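Asks: Before anything else, here's the structure in question.
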Amino acid sequence: MVSLLALSSASLAAGKPNVVILATGGTIAGAGADATNSATYQAAKVPVDKLIAGIPQLAAIADVRGEQVFQIASESFTNANLLTLGKRVAALLRQGDVDGVVITHGTDTLEETAYFLNLVVRNDKPIVLVGSMRPGTAMSADGMLNLYNAVSVAASRDARGKGVLVTMNDEINSGRDVSKMVNLRPEAFKSPWGALGMVVEGRNYWFRLPAKRHTINSEFDIEKIDTLPLVEIAYGSGNASDTAYRAFAASGAKAIIHAGTGNGSVSSAVVPSLVDLRRKGVHIVRSSHVNAGGFVLRNAEQPDDKYDWVVAHDLNPQKARILAAVALSKTQDSKELQRIFWEY
């Protein structure tokens, strides 16, 4: 067996970067009964070594090795999974023989994991998340090219310092901004503020840079986080009641993300309960469930200063949950929480 040291030396001699693919499961590792099954299949079936072996062209752009961290569908990702993955990514990037990391991930919560890593992994080496909307057994499967592009981005020096990235459907998006906007189609992932760049035949083209704090400039560090406090999301709609909010608080939630309509609006039937919960120590964060870029203004719609609530800025509810959990691992002060939401 060739040692990792020998592989590293050979890679340096050949001038190729070293990229580690951390596999977690998802559709990109899925399989359907036949080629017409693009929406009906079993996720998390194909191990990482077979994913790599299926793309021999990877050898031309990087020395690649894989690790199977999890083999799960991403809707089952937990806070414990996030912490395990984050610590492994940080450990790998500290190694001199690792130039970048690719994470294969189910698309349902890929954006949450990307944002979490963007907050807590303090390294400027590329971290690229990738998934697919169709299993590898389907007609026009997208996973093979997505993974090739992700490795090419992770292997490139021009991807350094740009935060955690998501590479799918030939686009390079910021892990902070991007969200799954549609299912069943390969162009599922979009940022309301636009892509950072594109990958065309293995070459990166960049158009903008992320403005918010991330990775090497973050105040958070995965090495200092061993647990995440419970943060829940309650969905606002017509005829809303306070049942979910009170149930979440009773179950131990330290913060509740209000996934409100429009500008994070809160129903008049719900406001009194949220005021009461905040008095009892539960943080209330107003977000918006507008799909293409909800933007919540402080003290608009609701008197946030008066109620001591926090607004999520432009973060959707699921990303607001991630930031609130990470922030609450460091502070309980609502003014500090609001600063963090403005900066990240």
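In the structure tokens, the first chain shown is A, the next is B, and so on; residue numbers restart at 1 for each chain, and ligands run from 1 in the order shown.
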Got a sec to tell me which of range 245-337 of chain A DSSP assigns to strand (DSSP E), as a list in words?
Replies: Ala255, Ile256, Ile257, His258, Ala259, Gly260, His283, Ile284, Val285, Arg286, Ser287, Ser288, Val310 and Val311 of chain A
Asks: Excluding range 132-143 of chain A and its own-chain neighbours fewer than 4 positions away, which residues fall within 7 Å of it when counting only C-alpha atoms? Please give them as number ranges by chain.
Replies: A: 27-32, 34-39, 107, 147, 184-186
Asks: With only C-alpha atoms as the counted atoms, please give the residues lying no more than 9 Å from Val200 in chain A, apart from itself and same-chain residues fewer than 2 positions off, as a PDB file with N, CA, C and O atoms, in the first residue's frame.
Replies:
```
ATOM      1  N   ASN A 149     -16.770  19.521 -11.062  1.00  0.00           N
ATOM      2  CA  ASN A 149     -16.622  20.965 -10.898  1.00  0.00           C
ATOM      3  C   ASN A 149     -16.236  21.337  -9.470  1.00  0.00           C
ATOM      4  O   ASN A 149     -15.424  22.245  -9.244  1.00  0.00           O
ATOM      5  N   ASP A 170     -23.109  24.178 -12.683  1.00  0.00           N
ATOM      6  CA  ASP A 170     -22.073  25.039 -13.277  1.00  0.00           C
ATOM      7  C   ASP A 170     -21.892  26.372 -12.564  1.00  0.00           C
ATOM      8  O   ASP A 170     -21.054  27.176 -12.982  1.00  0.00           O
ATOM      9  N   GLU A 171     -22.620  26.643 -11.501  1.00  0.00           N
ATOM     10  CA  GLU A 171     -22.487  27.899 -10.774  1.00  0.00           C
ATOM     11  C   GLU A 171     -21.686  27.702  -9.491  1.00  0.00           C
ATOM     12  O   GLU A 171     -21.713  26.633  -8.884  1.00  0.00           O
ATOM     13  N   MET A 198     -18.781  31.009 -12.092  1.00  0.00           N
ATOM     14  CA  MET A 198     -19.177  29.828 -12.862  1.00  0.00           C
ATOM     15  C   MET A 198     -17.972  28.915 -13.042  1.00  0.00           C
ATOM     16  O   MET A 198     -16.817  29.356 -12.956  1.00  0.00           O
ATOM     17  N   GLY A 202     -14.005  22.931 -16.232  1.00  0.00           N
ATOM     18  CA  GLY A 202     -12.989  22.829 -15.191  1.00  0.00           C
ATOM     19  C   GLY A 202     -12.270  24.114 -14.854  1.00  0.00           C
ATOM     20  O   GLY A 202     -11.359  24.123 -14.024  1.00  0.00           O
ATOM     21  N   ARG A 203     -12.674  25.231 -15.442  1.00  0.00           N
ATOM     22  CA  ARG A 203     -12.037  26.522 -15.157  1.00  0.00           C
ATOM     23  C   ARG A 203     -13.021  27.452 -14.459  1.00  0.00           C
ATOM     24  O   ARG A 203     -14.184  27.526 -14.835  1.00  0.00           O
ATOM     25  N   ASN A 204     -12.527  28.171 -13.439  1.00  0.00           N
ATOM     26  CA  ASN A 204     -13.358  29.076 -12.659  1.00  0.00           C
ATOM     27  C   ASN A 204     -13.382  30.471 -13.277  1.00  0.00           C
ATOM     28  O   ASN A 204     -12.351  30.988 -13.715  1.00  0.00           O
ATOM     29  N   TYR A 205     -14.569  31.070 -13.250  1.00  0.00           N
ATOM     30  CA  TYR A 205     -14.738  32.466 -13.648  1.00  0.00           C
ATOM     31  C   TYR A 205     -15.491  33.169 -12.521  1.00  0.00           C
ATOM     32  O   TYR A 205     -16.619  32.801 -12.193  1.00  0.00           O
TER      33      TYR A 205
END
```
Asks: Of the residues A:Ile256, A:Val89, A:Val271, A:Ala250, which is the one nearest to Gln318 in chain A, using only C-alpha atoms?
Replies: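 Comparing A:Ile256, A:Val89, A:Val271, A:Ala250 against Gln318 in chain A, the winner is A:Ile256.
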Asks: Write out as a VMD selection string each polymer residue whose atoms come within 8 Å of Arg208 in chain A, counting only C-alpha atoms; drop sequence neighbours fewer than 6 positions from it.
Replies: chain A and resid 195 to 197
Asks: If you count only C-alpha atoms, which residues fall within 6 Å of range 97-106 of chain A, apart from same-chain ones fewer than 6 positions away, as a list in words?
Replies: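 The residues satisfying every condition are Pro17, Asn18, Val19, Val20, Ile21, Leu22, Ala23, Thr24, Gly25, Gly26, Thr27, Ala73, Ser74, Lys125, Pro126, Ile127, Val128, Leu129, Val130, Gly131, Ala154 and Ala155 of chain A.
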Asks: Create the file for the chosen residues now, containing N, CA and C atoms and written as a PDB file, in the first residue's frame.
Replies:
```pdb
ATOM      1  N   PRO A  17      -2.724  19.695  -6.797  1.00  0.00           N
ATOM      2  CA  PRO A  17      -3.182  19.875  -5.418  1.00  0.00           C
ATOM      3  C   PRO A  17      -3.823  18.603  -4.866  1.00  0.00           C
ATOM      4  N   ASN A  18      -3.900  18.530  -3.557  1.00  0.00           N
ATOM      5  CA  ASN A  18      -4.528  17.414  -2.864  1.00  0.00           C
ATOM      6  C   ASN A  18      -5.905  17.837  -2.365  1.00  0.00           C
ATOM      7  N   VAL A  19      -6.929  17.098  -2.759  1.00  0.00           N
ATOM      8  CA  VAL A  19      -8.306  17.389  -2.366  1.00  0.00           C
ATOM      9  C   VAL A  19      -8.893  16.163  -1.688  1.00  0.00           C
ATOM     10  N   VAL A  20      -9.504  16.379  -0.530  1.00  0.00           N
ATOM     11  CA  VAL A  20     -10.193  15.310   0.191  1.00  0.00           C
ATOM     12  C   VAL A  20     -11.693  15.474  -0.014  1.00  0.00           C
ATOM     13  N   ILE A  21     -12.351  14.392  -0.422  1.00  0.00           N
ATOM     14  CA  ILE A  21     -13.803  14.391  -0.556  1.00  0.00           C
ATOM     15  C   ILE A  21     -14.399  13.713   0.666  1.00  0.00           C
ATOM     16  N   LEU A  22     -15.160  14.475   1.439  1.00  0.00           N
ATOM     17  CA  LEU A  22     -15.868  13.938   2.597  1.00  0.00           C
ATOM     18  C   LEU A  22     -17.305  13.648   2.172  1.00  0.00           C
ATOM     19  N   ALA A  23     -17.695  12.407   2.240  1.00  0.00           N
ATOM     20  CA  ALA A  23     -19.024  12.010   1.773  1.00  0.00           C
ATOM     21  C   ALA A  23     -19.979  11.882   2.946  1.00  0.00           C
ATOM     22  N   THR A  24     -21.177  12.419   2.770  1.00  0.00           N
ATOM     23  CA  THR A  24     -22.184  12.341   3.829  1.00  0.00           C
ATOM     24  C   THR A  24     -23.475  11.667   3.375  1.00  0.00           C
ATOM     25  N   GLY A  25     -23.564  11.289   2.088  1.00  0.00           N
ATOM     26  CA  GLY A  25     -24.772  10.632   1.590  1.00  0.00           C
ATOM     27  C   GLY A  25     -25.530  11.514   0.632  1.00  0.00           C
ATOM     28  N   GLY A  26     -26.861  11.438   0.677  1.00  0.00           N
ATOM     29  CA  GLY A  26     -27.693  12.280  -0.165  1.00  0.00           C
ATOM     30  C   GLY A  26     -27.960  11.696  -1.536  1.00  0.00           C
ATOM     31  N   THR A  27     -28.627  12.489  -2.386  1.00  0.00           N
ATOM     32  CA  THR A  27     -28.991  12.049  -3.732  1.00  0.00           C
ATOM     33  C   THR A  27     -27.773  11.768  -4.593  1.00  0.00           C
ATOM     34  N   ALA A  73     -29.499  10.531   4.398  1.00  0.00           N
ATOM     35  CA  ALA A  73     -30.243  11.549   3.654  1.00  0.00           C
ATOM     36  C   ALA A  73     -30.196  12.838   4.471  1.00  0.00           C
ATOM     37  N   SER A  74     -30.021  13.977   3.816  1.00  0.00           N
ATOM     38  CA  SER A  74     -29.672  15.186   4.557  1.00  0.00           C
ATOM     39  C   SER A  74     -30.804  15.751   5.398  1.00  0.00           C
ATOM     40  N   LYS A 125      -8.526  27.922   3.125  1.00  0.00           N
ATOM     41  CA  LYS A 125      -8.497  26.938   2.049  1.00  0.00           C
ATOM     42  C   LYS A 125      -9.924  26.657   1.574  1.00  0.00           C
ATOM     43  N   PRO A 126     -10.081  26.301   0.302  1.00  0.00           N
ATOM     44  CA  PRO A 126     -11.439  26.094  -0.225  1.00  0.00           C
ATOM     45  C   PRO A 126     -12.186  24.947   0.459  1.00  0.00           C
ATOM     46  N   ILE A 127     -13.433  25.229   0.794  1.00  0.00           N
ATOM     47  CA  ILE A 127     -14.392  24.227   1.270  1.00  0.00           C
ATOM     48  C   ILE A 127     -15.573  24.316   0.314  1.00  0.00           C
ATOM     49  N   VAL A 128     -15.858  23.227  -0.378  1.00  0.00           N
ATOM     50  CA  VAL A 128     -16.884  23.239  -1.415  1.00  0.00           C
ATOM     51  C   VAL A 128     -17.901  22.143  -1.146  1.00  0.00           C
ATOM     52  N   LEU A 129     -19.159  22.528  -1.033  1.00  0.00           N
ATOM     53  CA  LEU A 129     -20.230  21.543  -0.892  1.00  0.00           C
ATOM     54  C   LEU A 129     -20.876  21.291  -2.235  1.00  0.00           C
ATOM     55  N   VAL A 130     -21.279  20.036  -2.442  1.00  0.00           N
ATOM     56  CA  VAL A 130     -21.862  19.660  -3.719  1.00  0.00           C
ATOM     57  C   VAL A 130     -22.886  18.557  -3.503  1.00  0.00           C
ATOM     58  N   GLY A 131     -23.912  18.578  -4.317  1.00  0.00           N
ATOM     59  CA  GLY A 131     -24.924  17.526  -4.297  1.00  0.00           C
ATOM     60  C   GLY A 131     -25.430  17.313  -5.701  1.00  0.00           C
ATOM     61  N   ALA A 154     -12.245  23.320  -5.523  1.00  0.00           N
ATOM     62  CA  ALA A 154     -11.486  23.077  -4.294  1.00  0.00           C
ATOM     63  C   ALA A 154      -9.996  22.999  -4.546  1.00  0.00           C
ATOM     64  N   ALA A 155      -9.601  22.604  -5.754  1.00  0.00           N
ATOM     65  CA  ALA A 155      -8.187  22.463  -6.097  1.00  0.00           C
ATOM     66  C   ALA A 155      -7.545  23.765  -6.532  1.00  0.00           C
TER      67      ALA A 155
END
```
Asks: Got a sec to tell me which of range 73-226 of chain A DSSP assigns to helix (DSSP H, G or I), as a ChimeraX atom specification?
Replies: /A:74-76,79-93,110-120,143-154,157-159,215-217,222-224
Asks: Ranking A:Leu297, A:Ala240, A:Leu92, A:Ile216 by minimum distance to Val120 in chain A and counting only C-alpha atoms, which one comes first?
Replies: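 Using only C-alpha atoms, Val120 in chain A sits closest to A:Ile216.
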Asks: Measure the distance from CA of Ser329 in chain A to CA of Ala255 in chain A in Å and round it to one decimal.
Replies: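 For CA of Ser329 in chain A relative to CA of Ala255 in chain A, the distance reads 11.7 Å.
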